[in-house]
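Asker: Just passing along the structure, written as structure tokens.
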Amino acid sequence: MILKEIAVEAKNENTYPYNIKIFKDGFSIKFNNKVTTISGENGCGKSTILKYIADNVGFNILGGNRNSNYKSTENLRQLQDIKLSWSYKTKKGFYFRSDTFNSYYNYIESDPQILAYYRKKFSELSHGESFLELFDSFREGIFLLDEPENALSPQNQLRLLKIINDLAKQKDTQIIIVTHSPIIMSYPNANFIYIDDKVKRMDYKDTEHYVIYKMMLDCPEKLFSVLFDKD
């Protein structure tokens, strides 16, 4: 693996990111597969983990690679208590954030030299098509994907799995994905991490995400009877 482990020492402090329980308590994640998927409830810290990895590589924390020189208004606290262990430090790859992707493509479309790397202008594509145009451009390095399914139809989430699988075959490549999608979670042989109050290894079918989706598809009436019960 390119990245072998991230470890955070416990610290009783209430400023970000230690106001997130797993950071306050301390945790470690070992990356022992080419592909790691991380899931959990909103606010559990999964995107924060990805952001610290991106910052350590030197990627723009608003999204992009080491050469993405547009400015972010976000300030990431430099923490001595976060340790990353690398097999080797790559300069290649990309940090994708679905929530800030428009900022990235506005940046590249202002620079003809960067835009020439892509086949199409993102602003002329649908939201989901622009995601896939970016993902299709990935070649080698470490790829950090924060909720890449956000603009993708179920069919295109399957297409993303194919892109991930092709990437994982490359020698010097590692993919770490934060997701809520059971489709993306299902990628075979991935190192699957679930975060609630702790960092856990489990089967994705045992997560609330999967159970709720399955219940909704199999028997929505039962779910609605509980959800909309006024008594």
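Starting from 1 in every chain, residues are counted up; chains themselves are A, B, ... following the order of the structure tokens, and ligands are numbered from 1 as listed.
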Taking 3 positions as the minimum chain separation for residues in the same chain, which residues sit within 7 Å of region 155-158 of chain A when counting only C-alpha atoms? Answer as a list in words.
Answerer: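 My list of contacting residues is Glu149, Leu152, Leu161, Lys162, Ile183 and Ile184 of chain A.
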Asker: Could you please take those selected residues and save N, CA, C and O atoms as a PDB file, in the first residue's frame?
Answerer:
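Wrote it out as selection-v5.pdb, contents follow:
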```pdb
ATOM      1  N   GLU A 149     -20.544   9.191  -4.974  1.00  0.00           N
ATOM      2  CA  GLU A 149     -21.842   8.752  -5.507  1.00  0.00           C
ATOM      3  C   GLU A 149     -22.885   9.858  -5.546  1.00  0.00           C
ATOM      4  O   GLU A 149     -23.971   9.673  -6.115  1.00  0.00           O
ATOM      5  N   LEU A 152     -24.440  10.581  -8.866  1.00  0.00           N
ATOM      6  CA  LEU A 152     -24.480   9.445  -9.787  1.00  0.00           C
ATOM      7  C   LEU A 152     -25.751   8.623  -9.632  1.00  0.00           C
ATOM      8  O   LEU A 152     -26.162   8.291  -8.517  1.00  0.00           O
ATOM      9  N   LEU A 161     -17.723   1.723  -9.984  1.00  0.00           N
ATOM     10  CA  LEU A 161     -17.078   0.506  -9.475  1.00  0.00           C
ATOM     11  C   LEU A 161     -16.123  -0.081 -10.512  1.00  0.00           C
ATOM     12  O   LEU A 161     -15.046  -0.575 -10.170  1.00  0.00           O
ATOM     13  N   LYS A 162     -16.516  -0.020 -11.786  1.00  0.00           N
ATOM     14  CA  LYS A 162     -15.643  -0.515 -12.858  1.00  0.00           C
ATOM     15  C   LYS A 162     -14.382   0.344 -12.945  1.00  0.00           C
ATOM     16  O   LYS A 162     -13.259  -0.174 -13.108  1.00  0.00           O
ATOM     17  N   ILE A 183     -24.094   0.470  -2.777  1.00  0.00           N
ATOM     18  CA  ILE A 183     -23.505   0.002  -4.030  1.00  0.00           C
ATOM     19  C   ILE A 183     -21.985   0.153  -3.979  1.00  0.00           C
ATOM     20  O   ILE A 183     -21.235  -0.775  -4.301  1.00  0.00           O
ATOM     21  N   ILE A 184     -21.511   1.321  -3.559  1.00  0.00           N
ATOM     22  CA  ILE A 184     -20.064   1.545  -3.480  1.00  0.00           C
ATOM     23  C   ILE A 184     -19.451   0.705  -2.363  1.00  0.00           C
ATOM     24  O   ILE A 184     -18.357   0.158  -2.508  1.00  0.00           O
TER      25      ILE A 184
END
```
Asker: Can you list, as an NGL selection string, every residue of region 2-231 of chain A that DSSP puts in helix (DSSP H, G or I)?
Answerer: :A and (21-25 or 46-57 or 98-109 or 112-115 or 122-124 or 127-136 or 154-168 or 182-185 or 204-206 or 208-218 or 220-227)
Asker: Between A:Trp86, A:Phe23, A:Tyr16, A:Phe135, which is the closest to Asp166 (chain A) once you count only C-alpha atoms?
Answerer: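 That would be A:Phe135, the residue with the smallest distance to Asp166 (chain A).
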Asker: At what distance in Å, to one decimal, does CA of Val199 (chain A) lie from CA of Tyr88 (chain A)?
Answerer: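 These two atoms are separated by 24.7 Å.
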Asker: Considering only C-alpha atoms, return as an NGL selection string whatever protein or nucleic-acid residues lie within 9 Å of Pro17 (chain A), sequence-local ones (same chain, fewer than 6 positions apart) excluded.
Answerer: :A and (23-24 or 45 or 48 or 77)
Asker: What does the file look like for those residues with N, CA, C and O atoms, as a PDB file, in the first residue's frame?
Answerer:
```
ATOM      1  N   PHE A  23     -11.915  11.159  17.348  1.00  0.00           N
ATOM      2  CA  PHE A  23     -10.676  11.913  17.510  1.00  0.00           C
ATOM      3  C   PHE A  23     -10.371  12.131  18.990  1.00  0.00           C
ATOM      4  O   PHE A  23      -9.225  12.039  19.417  1.00  0.00           O
ATOM      5  N   LYS A  24     -11.408  12.421  19.755  1.00  0.00           N
ATOM      6  CA  LYS A  24     -11.216  12.621  21.189  1.00  0.00           C
ATOM      7  C   LYS A  24     -10.711  11.341  21.858  1.00  0.00           C
ATOM      8  O   LYS A  24      -9.830  11.369  22.715  1.00  0.00           O
ATOM      9  N   GLY A  45     -16.853  11.707  11.504  1.00  0.00           N
ATOM     10  CA  GLY A  45     -15.439  11.999  11.322  1.00  0.00           C
ATOM     11  C   GLY A  45     -14.798  11.419  10.079  1.00  0.00           C
ATOM     12  O   GLY A  45     -13.607  11.634   9.838  1.00  0.00           O
ATOM     13  N   THR A  48     -13.394  14.031   7.698  1.00  0.00           N
ATOM     14  CA  THR A  48     -12.262  14.696   8.346  1.00  0.00           C
ATOM     15  C   THR A  48     -10.999  13.849   8.217  1.00  0.00           C
ATOM     16  O   THR A  48      -9.906  14.371   7.965  1.00  0.00           O
ATOM     17  N   ARG A  77      -6.486  22.572  10.925  1.00  0.00           N
ATOM     18  CA  ARG A  77      -5.579  22.660  12.064  1.00  0.00           C
ATOM     19  C   ARG A  77      -4.453  21.643  11.932  1.00  0.00           C
ATOM     20  O   ARG A  77      -4.682  20.462  11.664  1.00  0.00           O
TER      21      ARG A  77
END
```
Asker: Pick out the closest residue to Ile193 (chain A) from this set: A:Ile29, A:Leu132, A:Ile108, A:Leu223. Count only C-alpha atoms.
Answerer: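 Ranking A:Ile29, A:Leu132, A:Ile108, A:Leu223 by distance to Ile193 (chain A), first place goes to A:Ile29.
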Asker: Compile the contact shell of Phe131 (chain A) as number ranges by chain: residues with an atom at most 12 Å away, counting only C-alpha atoms, same-chain residues fewer than 5 positions apart removed.
Answerer: A: 96-102, 104-105, 118, 120-123, 125-126, 136-138, 145-153, 156-157, 159-160, 163
Asker: Could you please determine the separation between CA of Asn12 (chain A) and CA of Val178 (chain A) in Å, to one decimal place?
Answerer: 25.9 Å
Asker: Based on the backbone DSSP call, show me all residues of region 17-100 of chain A assigned strand (DSSP E), as a ChimeraX atom specification.
Answerer: /A:27-30,35-40,82-86,93-97
Asker: Tell me which of A:Ser28, A:Ser225, A:Thr173, A:Ser110 sits closest to Ile49 (chain A), counting only C-alpha atoms.
Answerer: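 With only C-alpha atoms as the atom set, the closest residue is A:Ser28.
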Asker: Rounded to one decimal in Å, what is the spacing between CA of Ala54 (chain A) and CA of Thr36 (chain A)?
Answerer: 14.9 Å
Asker: Within 8 Å of Phe31 (chain A), counting only C-alpha atoms, which residues show up once you throw out same-chain ones fewer than 4 positions away? Write them as a count of residues only, please.
Answerer: 6
